[in-house]
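Structure, as structure tokens:
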Amino acid sequence: MAIPVIATKLLVPPLRLNALKRSRLIRRLQHGSAQRLSLLSAPAGFGKTTLLSSWLVEAQRPIAWLALDAADSEPVRLLVHLVAALRSIVPAFGANLEALLQSPQPPPITTLVPALLNELTAIPESYILVLDDYHLVEAADVDQFLATLLDHMPPHLHLVISTREDPNLPLARLRACGQLSELRAADLRFTADEAAGFLRQVMGLSLTTHDIAALEQRTEGWIAGLQLAALSLQGHADPTGFVAAFSGSHRFVLDYLLEEVLHRRPAAIQDFLLCTAILDRLCGPLCEALLEQPDGSGQATLEMLDRANLFLVPLDHERGWYRYHHLFRDLLRKRLQQAVPAAIPDLHLRASVWYEAAGFDLEAFQHAAAANTIARAEHLISGRGVPLYLRGATRPVLTWLAALPPEVRDAHPSLWVHYAWCLMAAHRSTQVEAALQAAEAALAPLESDVGTRDLCGQIAAIRAMEAAIQYQAGIIIAQAQRALELLHPDNGYVRTAVTRSLAIAYQFRGERAAARKTYYQAIAMSEGSNNRFINILATTGLGMIQASDNQLAQAAQSYQRVLDLVADPNQPIACAAYLGLARIHCEWNELETAQEYGRHGVHLARQIESIDSAASGEIFLAQLKLIQGDVAGAAAMLAAVGQVIYRRGFAKQKPVLAAAQVLVALRLGDLQQAEQVAHRFDLPLSRARVALAQEQAVEALKVLAAYRRQMEANHWPDEQLKALVLQALAHHQSGAIDAATTTIGAALALAAPGGFVRTFLDEGRPMADLLVRVRSNDERQEEYRQRLVAAFGDLPDRHPASSPNPLLDPLSPRELEVLQLVSQGFSNREISERLFVALDTVKGHNRRIYEKLQVQRRTEAVARARALGLLDTDNH
């Protein structure tokens, strides 16, 4: 269920017709709008909001206004309302952002900053964003979000923050850079002339200049104090005597003046003010519900109080919703607590009932919590289909649950389960298991029924999801299966999330068929429940399985579907899809496209600190450098990402990194390093490559035979293909040409449906020679083989070894290969890089070639070989 947008939070509070215009401050605000940030920081009652409303009337720039409250400490709720506020400027603003924020599991707020900045930058005109009452937000991640926004926001955006206390933002740096405009209490105080204008023009008082000066001096220009004093003076028989007796601290003044104001109101109005003081926002029907007076009088009373300037702030232009001035509300609440404390819980309960009926679930919960009605609060937490804490309200629910005595949670086991969900959502994993065990202990004495079974299912579901973070496949499967067995059939959200976790576990264990089937189930369930977040994750997982099964075209379609679901190309949740597409296009030899996708995927993945996708993507980009011939660049990139992998403990990426390091070491001719890394991580394919580089074809074949059998037993076609390719090269190196061509034929049959290219191209000239030799009776496979041959460039139709070799001691296939490259002008180092062998190995081949040809130098060897017909004439 979506987070409801409270429309009144988005409206600039309308000015009163007789509002005092503060020209000196409006000019300062206008001048300050050239800076990045305007900060209005002063205690309650200094007219910050009214001043902003007055300035914005004259600002002549588009305005987005957001009145903050304590619930906006929940980052997702804040962003939902921020997007809604900016739609007053651009109606279609943040459509993709909103979809992610309204998903049951929205991504972390920090990951959404780039997308938000891009949308802010796209607004073509200069505009103003106002955040009013920022002091009500108490969340470090919101402060960090805003600080990042300030660092990178577009120059045509001016941010305004109104607050009672300085926010935790880099104000000193902004001040030093000349990017901060400030108005503080000393600036906001009424001057003597402003005080006179306010008392006479706004409050309608006829006071002497002496009395006005005395009031201004006693209140020190404090607007709230002046307003309360003016309300007390209305109709007073002796204004001068009242002013003379009026003195003391702000708090004393407030208490004194509140008494004066209340005593001058009829009893019914006093009751109205005190009873409705528990509300943060007021409307007629809500006030009637609190007073149990369903007679339509609530709206009339609010309008009367508004006309009387009784600290009531309209929240919309229709004056349907209001709020009390925060200072006045706090005073009323204090008075209510002193006068009738026993009535407060019942007032909160009535408010909760009204808010629930109106569809405001968070407010309904907050009032139920304030009333200490445990059963009702639990009912509201459970929500309508999706729990409240999964709809952007984790923080208030967690705060309330954490404050409950353990014995209360023991009496209501569902509260322990909610508590565990909230802890997991708040990334406090170390506390989750203790909450789950407490829940189980509380459930143990209860009779098993549908409700308790569902709670037990939720406990298992949480354990499965926590295990997924640690890659604990066995625990995931056991707990997920238990969850699906116990969860109520109508608990669609949890069942969908658990099904996706189960698919992940199968994928971890290499049970690809089970993973594929389960991902399809999760996708169908998410589409049925309109859970786009799980749909994105499950479709991404499906694409990975398809790519592993050599179904590259199908995988590309799945990844593209993910991008369509995400819609915004800058959403970090799309990082795995971009990286998946990068690998596929690289395999198809579309290197520019692969690099573009890869770089963007890494950029997005870096915004999610808790996952290893960025490291995986950087390994891929290093391999791409290797393909492009930048061996040094690849080595440097692998060294850098390796530090990250080991520092962050990304265990899954360590063998992937090692395999890439082996390839680099072989290209550099460092066989010793390649061999050490391959054996340290027990990488069969890498060990086989090292053996081939060492001319140890028999050893390579031994390793590959065992590995291929294992991969066939696992039904892993991607690894089978890699093994077949290297087996073919090993047979070729050993001189077993028939075995080589048979094996490469099997590899082609496995690779053709996916259109693999780089798997063959990366093996260099030996593979080209093999592909020229083999033929297929299958028309499509033969067409595919010919495309691969063409990808290597213009190659002859025959292999040199097929010509008669007149030497008494014939050249080996590898020696013929080296000789062919020598004839083409390659240096020894270039040959070593091209054939993935050590420089010393190439020199050894040269010595044997010279001995067999009975020559002393390169030019003589080439001439002698051509004379014997050992070289391709095309290269002459």
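Letters A, B, ... go to the chains of the structure tokens in the order shown; residues in each chain start at 1; ligands are counted from 1 in the same order.
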
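Omitting Met465 in chain A and its sequence neighbours fewer than 6 positions away, and counting only C-alpha atoms, the residues within 8 Å are Ile476, Val498 and Ser501 of chain A.
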
Any chance you can output those residues with N, CA, C and O atoms as a PDB file, in the first residue's frame?
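Contents of out10.pdb, freshly written:
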```
ATOM      1  N   ILE A 476      18.763 -20.657   4.250  1.00  0.00           N
ATOM      2  CA  ILE A 476      17.704 -19.993   3.464  1.00  0.00           C
ATOM      3  C   ILE A 476      16.658 -21.011   3.048  1.00  0.00           C
ATOM      4  O   ILE A 476      15.448 -20.788   3.228  1.00  0.00           O
ATOM      5  N   VAL A 498       9.734 -14.282   0.334  1.00  0.00           N
ATOM      6  CA  VAL A 498      10.369 -15.548   0.718  1.00  0.00           C
ATOM      7  C   VAL A 498      10.658 -16.392  -0.520  1.00  0.00           C
ATOM      8  O   VAL A 498      11.711 -17.044  -0.622  1.00  0.00           O
ATOM      9  N   SER A 501      13.753 -15.227  -2.027  1.00  0.00           N
ATOM     10  CA  SER A 501      14.905 -15.654  -1.217  1.00  0.00           C
ATOM     11  C   SER A 501      15.239 -17.118  -1.482  1.00  0.00           C
ATOM     12  O   SER A 501      16.414 -17.502  -1.541  1.00  0.00           O
TER      13      SER A 501
END
```

Legend entry - Neighbour list for range 312-322 of chain A as a ChimeraX atom specification, cut-off 7 Å, only C-alpha atoms, skip fewer than 3 positions in-chain: /A:8,11,13-14,281-283,305-306,309,325

Saved selection, atoms kept: C-alpha atoms, as a PDB file, in the first residue's frame:
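part_27.pdb, written as the output of this step:
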```pdb
ATOM      1  CA  THR A   8      -1.587  20.363   3.087  1.00  0.00           C
ATOM      2  CA  LEU A  11       0.978  24.400   0.292  1.00  0.00           C
ATOM      3  CA  PRO A  13       0.565  29.031   4.125  1.00  0.00           C
ATOM      4  CA  PRO A  14      -1.676  31.831   2.858  1.00  0.00           C
ATOM      5  CA  ARG A 281      -3.308  19.162  11.994  1.00  0.00           C
ATOM      6  CA  LEU A 282      -6.922  20.146  12.419  1.00  0.00           C
ATOM      7  CA  CYS A 283      -9.998  20.007  10.216  1.00  0.00           C
ATOM      8  CA  LEU A 305     -10.464  31.242  15.705  1.00  0.00           C
ATOM      9  CA  ASP A 306      -8.693  32.101  12.449  1.00  0.00           C
ATOM     10  CA  ASN A 309      -5.821  35.687  15.085  1.00  0.00           C
ATOM     11  CA  HIS A 325       1.272  27.741  16.010  1.00  0.00           C
TER      12      HIS A 325
END
```

Inset, instruction - Go through range 350-475 of chain A and collect every residue that DSSP, computed from the backbone, puts in alpha helix (DSSP H); the answer should be as a PyMOL selection string. - result: chain A and resi 350-357+361-370+374-382+394-403+406-411+413-425+432-443+450-469+473-475

Inset, instruction - Using only C-alpha atoms, pick whichever of A:Arg482, A:Arg323, A:Lys21, A:His210 has the shortest atom-to-atom distance to Thr240 in chain A. - result: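 Closest to Thr240 in chain A, using only C-alpha atoms: A:His210.
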
Inset, instruction - Write out as a ChimeraX atom specification all residues of range 149-353 of chain A that DSSP puts in strand (DSSP E) for this structure's backbone. - result: /A:157-163,180-184,282-283,312-314,321-324

Legend entry - Residues near His135 in chain A, cut-off 10 Å, only C-alpha atoms, skip fewer than 2 positions along chain, as a PyMOL selection string: chain A and resi 41+68-70+132-133+137-138+161-168

Legend entry - Selection near range 360-363 of chain A, 12 Å with only C-alpha atoms, sequence-local residues under 6 positions removed, as JSON, numbers by chain: {"A": [1, 2, 3, 4, 5, 6, 69, 70, 71, 72, 74, 77, 278, 279, 280, 281, 348, 349, 350, 351, 352, 353, 354, 369, 370, 376, 377, 378, 379, 380, 381, 382, 383, 384, 386, 387, 388, 389, 390, 391, 392, 393, 394, 395, 396, 397]}

Inset, instruction - Calculate how many Å separate CA of His158 in chain A from CA of Ile128 in chain A, rounding to one decimal. - result: 4.8 Å

Inset, instruction - Please indicate the distance in Å from CA of Cys456 in chain A to CA of Gln431 in chain A, rounded to one decimal place. - result: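 Between these atoms lies a distance of 18.1 Å.
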
Legend entry - Spatial neighbours of range 811-819 of chain A, max dist 9 Å, only C-alpha atoms, sep filter under 3 positions, as a list in words: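 The contact residues come out as Glu695, His732, Gln733, Ser734, Gly735, Arg765, Pro766, Pro800, Ala801, Asn805, Leu807, Val822, Ser823, Gln824, Ile831, Leu835, Val842, His845, Asn846, Arg848, Ile849, Lys852, Leu853, Ala861, Val862, Ala865, Leu870 and Leu871 of chain A.
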
Inset, instruction - Excluding range 31-35 of chain A and residues on its chain fewer than 3 positions from it, collect all residues at most 7 Å away from it, counting only C-alpha atoms, and give them as a list in words. - result: Arg27, Arg28, Ser38, His158, Gln179, Leu180 and Ser181 of chain A

Could you write those residues out with N, CA and C atoms, as a PDB file, in the first residue's frame?
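Full text of result26.pdb as output:
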```pdb
ATOM      1  N   ARG A  27      13.775  41.983   1.428  1.00  0.00           N
ATOM      2  CA  ARG A  27      14.912  42.360   0.570  1.00  0.00           C
ATOM      3  C   ARG A  27      16.118  41.461   0.849  1.00  0.00           C
ATOM      4  N   ARG A  28      16.344  41.136   2.105  1.00  0.00           N
ATOM      5  CA  ARG A  28      17.474  40.265   2.438  1.00  0.00           C
ATOM      6  C   ARG A  28      17.280  38.858   1.877  1.00  0.00           C
ATOM      7  N   SER A  38      19.423  29.477   1.870  1.00  0.00           N
ATOM      8  CA  SER A  38      18.967  30.491   2.825  1.00  0.00           C
ATOM      9  C   SER A  38      18.504  29.757   4.078  1.00  0.00           C
ATOM     10  N   HIS A 158      17.411  27.150  -5.575  1.00  0.00           N
ATOM     11  CA  HIS A 158      17.731  27.803  -4.303  1.00  0.00           C
ATOM     12  C   HIS A 158      16.959  27.088  -3.206  1.00  0.00           C
ATOM     13  N   GLN A 179      28.059  30.823   0.066  1.00  0.00           N
ATOM     14  CA  GLN A 179      26.869  30.154  -0.467  1.00  0.00           C
ATOM     15  C   GLN A 179      25.754  30.045   0.572  1.00  0.00           C
ATOM     16  N   LEU A 180      25.846  30.827   1.653  1.00  0.00           N
ATOM     17  CA  LEU A 180      24.850  30.741   2.724  1.00  0.00           C
ATOM     18  C   LEU A 180      24.345  32.130   3.079  1.00  0.00           C
ATOM     19  N   SER A 181      23.028  32.273   3.052  1.00  0.00           N
ATOM     20  CA  SER A 181      22.361  33.487   3.520  1.00  0.00           C
ATOM     21  C   SER A 181      21.616  33.140   4.802  1.00  0.00           C
TER      22      SER A 181
END
```

Legend entry - Who sits within 12 Å of Thr593 in chain A, only C-alpha atoms, same chain under 2 positions skipped, as JSON, numbers by chain: {"A": [578, 579, 581, 582, 583, 584, 585, 586, 587, 588, 589, 590, 591, 595, 596, 597, 598, 599, 600, 624]}

For N, CA, C and O atoms, I'd like the residues from the last selection saved as a PDB file, in the first residue's frame.
```pdb
ATOM      1  N   TYR A 578      22.484  -3.841 -15.785  1.00  0.00           N
ATOM      2  CA  TYR A 578      23.455  -3.196 -16.668  1.00  0.00           C
ATOM      3  C   TYR A 578      24.736  -4.028 -16.782  1.00  0.00           C
ATOM      4  O   TYR A 578      25.295  -4.185 -17.873  1.00  0.00           O
ATOM      5  N   LEU A 579      25.202  -4.553 -15.664  1.00  0.00           N
ATOM      6  CA  LEU A 579      26.415  -5.369 -15.707  1.00  0.00           C
ATOM      7  C   LEU A 579      26.178  -6.679 -16.461  1.00  0.00           C
ATOM      8  O   LEU A 579      27.065  -7.156 -17.178  1.00  0.00           O
ATOM      9  N   LEU A 581      24.065  -7.062 -18.966  1.00  0.00           N
ATOM     10  CA  LEU A 581      24.067  -6.699 -20.394  1.00  0.00           C
ATOM     11  C   LEU A 581      25.484  -6.433 -20.882  1.00  0.00           C
ATOM     12  O   LEU A 581      25.830  -6.757 -22.028  1.00  0.00           O
ATOM     13  N   ALA A 582      26.313  -5.841 -20.023  1.00  0.00           N
ATOM     14  CA  ALA A 582      27.705  -5.577 -20.416  1.00  0.00           C
ATOM     15  C   ALA A 582      28.419  -6.882 -20.738  1.00  0.00           C
ATOM     16  O   ALA A 582      29.126  -6.989 -21.757  1.00  0.00           O
ATOM     17  N   ARG A 583      28.255  -7.887 -19.913  1.00  0.00           N
ATOM     18  CA  ARG A 583      28.940  -9.164 -20.139  1.00  0.00           C
ATOM     19  C   ARG A 583      28.428  -9.844 -21.404  1.00  0.00           C
ATOM     20  O   ARG A 583      29.202 -10.455 -22.157  1.00  0.00           O
ATOM     21  N   ILE A 584      27.126  -9.746 -21.635  1.00  0.00           N
ATOM     22  CA  ILE A 584      26.551 -10.378 -22.830  1.00  0.00           C
ATOM     23  C   ILE A 584      27.071  -9.704 -24.100  1.00  0.00           C
ATOM     24  O   ILE A 584      27.496 -10.364 -25.056  1.00  0.00           O
ATOM     25  N   HIS A 585      27.065  -8.373 -24.116  1.00  0.00           N
ATOM     26  CA  HIS A 585      27.532  -7.671 -25.318  1.00  0.00           C
ATOM     27  C   HIS A 585      29.032  -7.855 -25.518  1.00  0.00           C
ATOM     28  O   HIS A 585      29.506  -7.869 -26.661  1.00  0.00           O
ATOM     29  N   CYS A 586      29.762  -8.007 -24.440  1.00  0.00           N
ATOM     30  CA  CYS A 586      31.191  -8.326 -24.580  1.00  0.00           C
ATOM     31  C   CYS A 586      31.347  -9.687 -25.249  1.00  0.00           C
ATOM     32  O   CYS A 586      32.161  -9.839 -26.170  1.00  0.00           O
ATOM     33  N   GLU A 587      30.588 -10.673 -24.807  1.00  0.00           N
ATOM     34  CA  GLU A 587      30.663 -12.001 -25.408  1.00  0.00           C
ATOM     35  C   GLU A 587      30.281 -11.954 -26.876  1.00  0.00           C
ATOM     36  O   GLU A 587      30.836 -12.695 -27.705  1.00  0.00           O
ATOM     37  N   TRP A 588      29.359 -11.085 -27.228  1.00  0.00           N
ATOM     38  CA  TRP A 588      28.972 -10.929 -28.632  1.00  0.00           C
ATOM     39  C   TRP A 588      29.978 -10.079 -29.414  1.00  0.00           C
ATOM     40  O   TRP A 588      29.740  -9.727 -30.569  1.00  0.00           O
ATOM     41  N   ASN A 589      31.064  -9.683 -28.772  1.00  0.00           N
ATOM     42  CA  ASN A 589      32.134  -8.878 -29.376  1.00  0.00           C
ATOM     43  C   ASN A 589      31.684  -7.463 -29.718  1.00  0.00           C
ATOM     44  O   ASN A 589      32.248  -6.819 -30.598  1.00  0.00           O
ATOM     45  N   GLU A 590      30.695  -6.989 -29.012  1.00  0.00           N
ATOM     46  CA  GLU A 590      30.233  -5.600 -29.160  1.00  0.00           C
ATOM     47  C   GLU A 590      30.853  -4.809 -28.006  1.00  0.00           C
ATOM     48  O   GLU A 590      30.199  -4.479 -27.006  1.00  0.00           O
ATOM     49  N   LEU A 591      32.139  -4.506 -28.150  1.00  0.00           N
ATOM     50  CA  LEU A 591      32.935  -4.043 -27.019  1.00  0.00           C
ATOM     51  C   LEU A 591      32.571  -2.627 -26.568  1.00  0.00           C
ATOM     52  O   LEU A 591      32.606  -2.321 -25.373  1.00  0.00           O
ATOM     53  N   GLN A 595      31.325  -1.808 -22.849  1.00  0.00           N
ATOM     54  CA  GLN A 595      32.013  -0.865 -21.968  1.00  0.00           C
ATOM     55  C   GLN A 595      31.042   0.194 -21.431  1.00  0.00           C
ATOM     56  O   GLN A 595      31.101   0.561 -20.247  1.00  0.00           O
ATOM     57  N   GLU A 596      30.151   0.651 -22.276  1.00  0.00           N
ATOM     58  CA  GLU A 596      29.165   1.655 -21.846  1.00  0.00           C
ATOM     59  C   GLU A 596      28.262   1.099 -20.750  1.00  0.00           C
ATOM     60  O   GLU A 596      28.047   1.730 -19.706  1.00  0.00           O
ATOM     61  N   TYR A 597      27.728  -0.098 -20.982  1.00  0.00           N
ATOM     62  CA  TYR A 597      26.884  -0.733 -19.967  1.00  0.00           C
ATOM     63  C   TYR A 597      27.682  -1.006 -18.684  1.00  0.00           C
ATOM     64  O   TYR A 597      27.189  -0.804 -17.574  1.00  0.00           O
ATOM     65  N   GLY A 598      28.909  -1.492 -18.846  1.00  0.00           N
ATOM     66  CA  GLY A 598      29.714  -1.851 -17.683  1.00  0.00           C
ATOM     67  C   GLY A 598      30.031  -0.661 -16.813  1.00  0.00           C
ATOM     68  O   GLY A 598      29.914  -0.721 -15.580  1.00  0.00           O
ATOM     69  N   ARG A 599      30.438   0.430 -17.416  1.00  0.00           N
ATOM     70  CA  ARG A 599      30.766   1.624 -16.635  1.00  0.00           C
ATOM     71  C   ARG A 599      29.547   2.160 -15.904  1.00  0.00           C
ATOM     72  O   ARG A 599      29.643   2.566 -14.738  1.00  0.00           O
ATOM     73  N   HIS A 600      28.417   2.155 -16.572  1.00  0.00           N
ATOM     74  CA  HIS A 600      27.208   2.668 -15.925  1.00  0.00           C
ATOM     75  C   HIS A 600      26.768   1.743 -14.787  1.00  0.00           C
ATOM     76  O   HIS A 600      26.353   2.202 -13.724  1.00  0.00           O
ATOM     77  N   LEU A 624      37.940  -6.370 -19.800  1.00  0.00           N
ATOM     78  CA  LEU A 624      37.695  -5.673 -21.060  1.00  0.00           C
ATOM     79  C   LEU A 624      38.959  -4.939 -21.514  1.00  0.00           C
ATOM     80  O   LEU A 624      39.297  -4.923 -22.708  1.00  0.00           O
TER      81      LEU A 624
END
```

Please produce, as CSV, a per-residue contact table for range 29-143 of chain A versus range 566-575 of chain A (criterion: any atom at most 12 Å away, only C-alpha atoms considered), showing the nearest atom pair and its distance in Å to one decimal, sorted by chain then residue number.
```
residue,atom,partner,partner_atom,distance
A:Gly94,CA,A:Asp568,CA,9.4
A:Ala95,CA,A:Asp568,CA,8.9
A:Asn96,CA,A:Asp568,CA,5.8
A:Leu97,CA,A:Asp568,CA,7.8
A:Glu98,CA,A:Asp568,CA,10.8
A:Ala99,CA,A:Val566,CA,8.4
A:Leu100,CA,A:Val566,CA,7.8
A:Leu101,CA,A:Gln571,CA,11.4
A:Ser103,CA,A:Val566,CA,11.4
A:Gln105,CA,A:Ile573,CA,11.4
A:Pro106,CA,A:Ile573,CA,9.8
A:Pro107,CA,A:Ile573,CA,7.5
A:Pro108,CA,A:Pro572,CA,9.7
A:Ile109,CA,A:Pro572,CA,10.8
A:Thr110,CA,A:Pro572,CA,9.9
A:Thr111,CA,A:Pro572,CA,6.1
A:Leu112,CA,A:Gln571,CA,6.7
A:Val113,CA,A:Gln571,CA,9.3
A:Pro114,CA,A:Asn570,CA,6.9
A:Ala115,CA,A:Asn570,CA,5.4
A:Leu116,CA,A:Asn570,CA,9.2
A:Leu117,CA,A:Asn570,CA,10.2
A:Asn118,CA,A:Asn570,CA,8.4
A:Glu119,CA,A:Asp568,CA,10.2
```

Output of the above residues as a CSV table (one decimal), in the first residue's frame, restricted to C-alpha atoms:
```csv
chain,number,residue,atom,x,y,z
A,94,GLY,CA,10.0,12.0,-10.2
A,95,ALA,CA,7.6,9.5,-11.6
A,96,ASN,CA,10.2,6.8,-11.6
A,97,LEU,CA,11.5,7.8,-8.1
A,98,GLU,CA,8.0,7.7,-6.7
A,99,ALA,CA,7.4,4.2,-8.0
A,100,LEU,CA,10.5,2.9,-6.2
A,101,LEU,CA,9.7,4.9,-3.0
A,103,SER,CA,7.4,-0.1,-3.4
A,105,GLN,CA,10.9,-2.4,0.0
A,106,PRO,CA,12.2,0.9,-1.2
A,107,PRO,CA,16.0,1.3,-1.7
A,108,PRO,CA,18.1,3.3,0.7
A,109,ILE,CA,17.7,7.0,0.5
A,110,THR,CA,21.4,7.5,-0.3
A,111,THR,CA,21.0,5.4,-3.5
A,112,LEU,CA,18.3,7.7,-4.8
A,113,VAL,CA,20.3,11.0,-4.6
A,114,PRO,CA,21.8,10.8,-8.2
A,115,ALA,CA,18.4,10.2,-9.7
A,116,LEU,CA,16.9,13.0,-7.7
A,117,LEU,CA,19.7,15.4,-8.7
A,118,ASN,CA,19.3,14.5,-12.4
A,119,GLU,CA,15.6,15.4,-12.2
```

Legend entry - Selected residue of minimal separation from Ala497 in chain A among A:Gln653, A:Ala514, A:Tyr519, A:Val641, counting only C-alpha atoms: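 Checking each candidate against Ala497 in chain A, we get A:Tyr519 as the closest.
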
Legend entry - Option closest in space to Gln781 in chain A, from A:Gly359, A:Gly793, A:Pro810, A:Gly745 [counting only C-alpha atoms]: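 Nearest to Gln781 in chain A: A:Gly745.
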